[in-house]
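Structure data follow from run-v1.csv (CSV, C-alpha atoms):
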chain,number,residue,atom,x,y,z
A,192,MET,CA,0.0,0.0,0.0
A,193,LYS,CA,2.7,2.4,1.0
A,194,ASN,CA,4.8,1.6,-2.1
A,195,LYS,CA,1.9,2.3,-4.4
A,196,LEU,CA,1.2,5.6,-2.7
A,197,THR,CA,4.8,6.7,-3.1
A,198,GLN,CA,4.8,5.6,-6.7
A,199,LYS,CA,1.7,7.7,-7.4
A,200,ALA,CA,3.2,10.7,-5.6
A,201,ALA,CA,6.4,10.4,-7.5
A,202,ALA,CA,4.4,10.1,-10.8
A,203,LEU,CA,2.5,13.3,-9.9
A,204,LEU,CA,5.6,15.2,-8.9
A,205,CYS,CA,7.6,14.1,-11.9
A,206,SER,CA,4.9,14.8,-14.5
A,207,LYS,CA,5.4,17.4,-17.2
A,208,LYS,CA,2.7,19.6,-15.9
A,209,ALA,CA,4.2,19.7,-12.4
A,210,LEU,CA,7.6,20.5,-13.8
A,211,ASN,CA,6.2,23.4,-15.9
A,212,ARG,CA,4.4,24.8,-12.8
A,213,ALA,CA,7.7,24.6,-10.9
A,214,ARG,CA,9.5,26.4,-13.6
A,215,ILE,CA,6.9,29.1,-13.8
A,216,ALA,CA,7.0,29.5,-10.0
A,217,HIS,CA,10.8,29.7,-10.0
A,218,ARG,CA,10.8,32.3,-12.7
A,219,LEU,CA,8.1,34.3,-10.9
A,220,LEU,CA,10.0,34.3,-7.6
A,221,SER,CA,13.3,35.1,-9.3
A,222,MET,CA,11.8,38.1,-11.1
A,223,THR,CA,10.2,39.3,-7.9
A,224,ALA,CA,13.5,39.1,-6.1
A,225,ILE,CA,15.3,40.9,-8.9
A,226,ILE,CA,12.7,43.7,-9.0
A,227,ALA,CA,12.7,44.0,-5.2
A,228,CYS,CA,16.5,44.5,-5.3
A,229,LEU,CA,16.6,46.9,-8.2
A,230,ALA,CA,13.5,49.0,-7.4
A,231,VAL,CA,15.0,50.5,-4.3
A,232,VAL,CA,14.3,54.3,-4.2
A,233,PRO,CA,15.8,56.5,-1.5
A,234,ALA,CA,13.4,58.5,0.6
A,235,PHE,CA,14.3,62.2,0.9
A,236,ALA,CA,12.4,63.0,4.1
A,237,ASP,CA,13.5,65.8,6.3
A,238,ASN,CA,12.4,65.7,9.9
A,239,GLU,CA,8.8,64.9,9.3
A,240,ALA,CA,9.2,61.2,9.8
A,241,LEU,CA,11.3,61.7,12.9
A,242,ASN,CA,8.8,64.1,14.4
A,243,ALA,CA,6.0,61.6,13.8
A,244,VAL,CA,7.9,58.9,15.5
A,245,ASN,CA,8.7,61.1,18.4
A,246,LYS,CA,5.1,62.1,18.8
A,247,LEU,CA,4.1,58.4,18.7
A,248,SER,CA,6.7,57.6,21.3
A,249,ASP,CA,5.5,60.4,23.6
A,250,THR,CA,1.9,59.2,23.3
A,251,ILE,CA,2.9,55.6,24.1
A,252,PHE,CA,5.0,56.7,27.1
A,253,ALA,CA,2.1,58.8,28.3
A,254,LEU,CA,-0.2,55.8,28.1
A,255,ILE,CA,2.4,53.7,30.0
A,256,LYS,CA,2.7,56.5,32.6
A,257,ALA,CA,-1.1,56.4,33.1
A,258,VAL,CA,-1.0,52.6,33.6
A,259,GLY,CA,1.7,53.0,36.1
A,260,LEU,CA,-0.3,55.6,38.0
A,261,ILE,CA,-3.4,53.3,38.0
A,262,CYS,CA,-1.2,50.4,39.3
A,263,THR,CA,0.2,52.7,42.1
A,264,GLY,CA,-3.3,53.8,43.1
A,265,TRP,CA,-4.5,50.2,43.2
A,266,GLY,CA,-1.5,49.3,45.4
A,267,VAL,CA,-2.3,52.1,47.8
A,268,LEU,CA,-5.9,50.9,48.0
A,269,GLN,CA,-4.7,47.3,48.7
A,270,LEU,CA,-2.3,48.5,51.3
A,271,GLY,CA,-5.0,50.6,53.1
A,272,MET,CA,-7.4,47.6,53.0
A,273,SER,CA,-4.7,45.3,54.4
A,274,VAL,CA,-4.0,47.6,57.3
A,275,GLN,CA,-7.7,47.6,58.1
A,276,SER,CA,-8.1,43.8,57.9
A,277,HIS,CA,-4.6,42.9,59.3
A,278,ASP,CA,-3.8,40.7,56.3
A,279,ALA,CA,-0.1,40.3,55.8
A,280,SER,CA,-0.3,38.8,52.3
A,281,GLN,CA,-2.5,41.6,51.0
A,282,ARG,CA,-0.1,44.1,52.5
A,283,THR,CA,2.8,42.5,50.7
A,284,GLN,CA,0.8,42.5,47.5
A,285,GLY,CA,-0.1,46.1,48.0
A,286,VAL,CA,3.5,47.2,48.5
A,287,LEU,CA,4.6,45.2,45.4
A,288,CYS,CA,1.9,46.8,43.4
A,289,ILE,CA,2.9,50.3,44.5
A,290,LEU,CA,6.6,49.6,43.7
A,291,GLY,CA,5.7,48.1,40.3
A,292,GLY,CA,3.4,51.0,39.5
A,293,LEU,CA,6.1,53.5,40.4
A,294,LEU,CA,8.6,51.6,38.2
A,295,ILE,CA,6.1,51.6,35.3
A,296,TYR,CA,5.4,55.4,35.9
A,297,PHE,CA,9.1,56.3,35.7
A,298,VAL,CA,10.1,53.9,32.9
A,299,LYS,CA,10.9,56.7,30.4
A,300,ALA,CA,13.2,58.4,32.9
A,301,ILE,CA,14.9,55.1,33.7
A,302,LEU,CA,15.4,54.3,30.0
A,303,THR,CA,16.7,57.8,29.4
A,304,SER,CA,19.1,57.6,32.3
A,305,ILE,CA,20.6,54.3,31.1
A,306,GLY,CA,20.8,55.6,27.5
A,307,ALA,CA,18.2,53.2,26.0
A,308,ALA,CA,15.6,55.8,25.0
Is it possible to express this structure as structure tokens?
Amino acid sequence: MKNKLTQKAAALLCSKKALNRARIAHRLLSMTAIIACLAVVPAFADNEALNAVNKLSDTIFALIKAVGLICTGWGVLQLGMSVQSHDASQRTQGVLCILGGLLIYFVKAILTSIGAA
């Protein structure tokens, strides 16, 4: 059974029609690669693109800052509730949430100070 199946597959793959399709596909891919290499046009952009990227970066960092502020507020809320209920695990979770929120809030300043942004 397996031998017959491999023979049929080999016959389909080695047919003249399959070889013609493979040649056409090879020619098409080769021409696409050649055109992609030769059709490179330099972009003469001034500072417009850089300004757009900087605005996008500022917007993203503002959103990250808002998330950090929300996390810090949630941590303060958890810390206050843990003091009221004398729950040590919730207190730990609240402190960690405050520290994580502050870390997220100041991520741009941290990245700037280490030279990454």
* To do: Name the residues in contact with A:Ile261 at a cut-off of 12 Å, using only C-alpha atoms, excluding same-chain residues fewer than 6 positions from it; report them as a PyMOL selection string.
  => chain A and resi 254-255+267-268+288-289+291-293+295-296
Just C-alpha atoms for this one: save the residues we selected as an mmCIF file, keeping the file's coordinate frame.
data_model
loop_
_atom_site.group_PDB
_atom_site.id
_atom_site.type_symbol
_atom_site.label_atom_id
_atom_site.label_comp_id
_atom_site.auth_asym_id
_atom_site.auth_seq_id
_atom_site.Cartn_x
_atom_site.Cartn_y
_atom_site.Cartn_z
ATOM 1 C CA LEU A 254 -0.200 55.800 28.100
ATOM 2 C CA ILE A 255 2.400 53.700 30.000
ATOM 3 C CA VAL A 267 -2.300 52.100 47.800
ATOM 4 C CA LEU A 268 -5.900 50.900 48.000
ATOM 5 C CA CYS A 288 1.900 46.800 43.400
ATOM 6 C CA ILE A 289 2.900 50.300 44.500
ATOM 7 C CA GLY A 291 5.700 48.100 40.300
ATOM 8 C CA GLY A 292 3.400 51.000 39.500
ATOM 9 C CA LEU A 293 6.100 53.500 40.400
ATOM 10 C CA ILE A 295 6.100 51.600 35.300
ATOM 11 C CA TYR A 296 5.400 55.400 35.900
#
* Asked: From the list A:Ile225, A:Ala257, A:Leu210, A:Val286, which residue is nearest A:Gln269 when using only C-alpha atoms?
  ->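 Of A:Ile225, A:Ala257, A:Leu210, A:Val286, the one nearest A:Gln269 is A:Val286, counting only C-alpha atoms.
In this structure, atom CA of A:Gln284 sits 10.3 Å away from atom CA of A:Trp265.
Using all atoms listed in the file, the nearest neighbour of A:Ala253 within the list A:Ile215, A:Ala224, A:Ala209, A:Val298 is A:Val298.
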* To do: One decimal, Å: what's the distance from atom CA of A:Phe297 over to atom CA of A:Met272, could you say?
  => 25.4 Å
* To do: Tell me, in Å to one decimal, how far atom CA of A:Gly264 is from atom CA of A:Gly306.
  =>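 Interatomic distance here is 28.8 Å.
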* Asked: From the list A:Val274, A:Leu294, A:Ala300, A:Ala230, which residue is nearest A:Val258 when using all atoms listed in the file?
  ->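 Among the listed residues, the smallest separation from A:Val258 belongs to A:Leu294.
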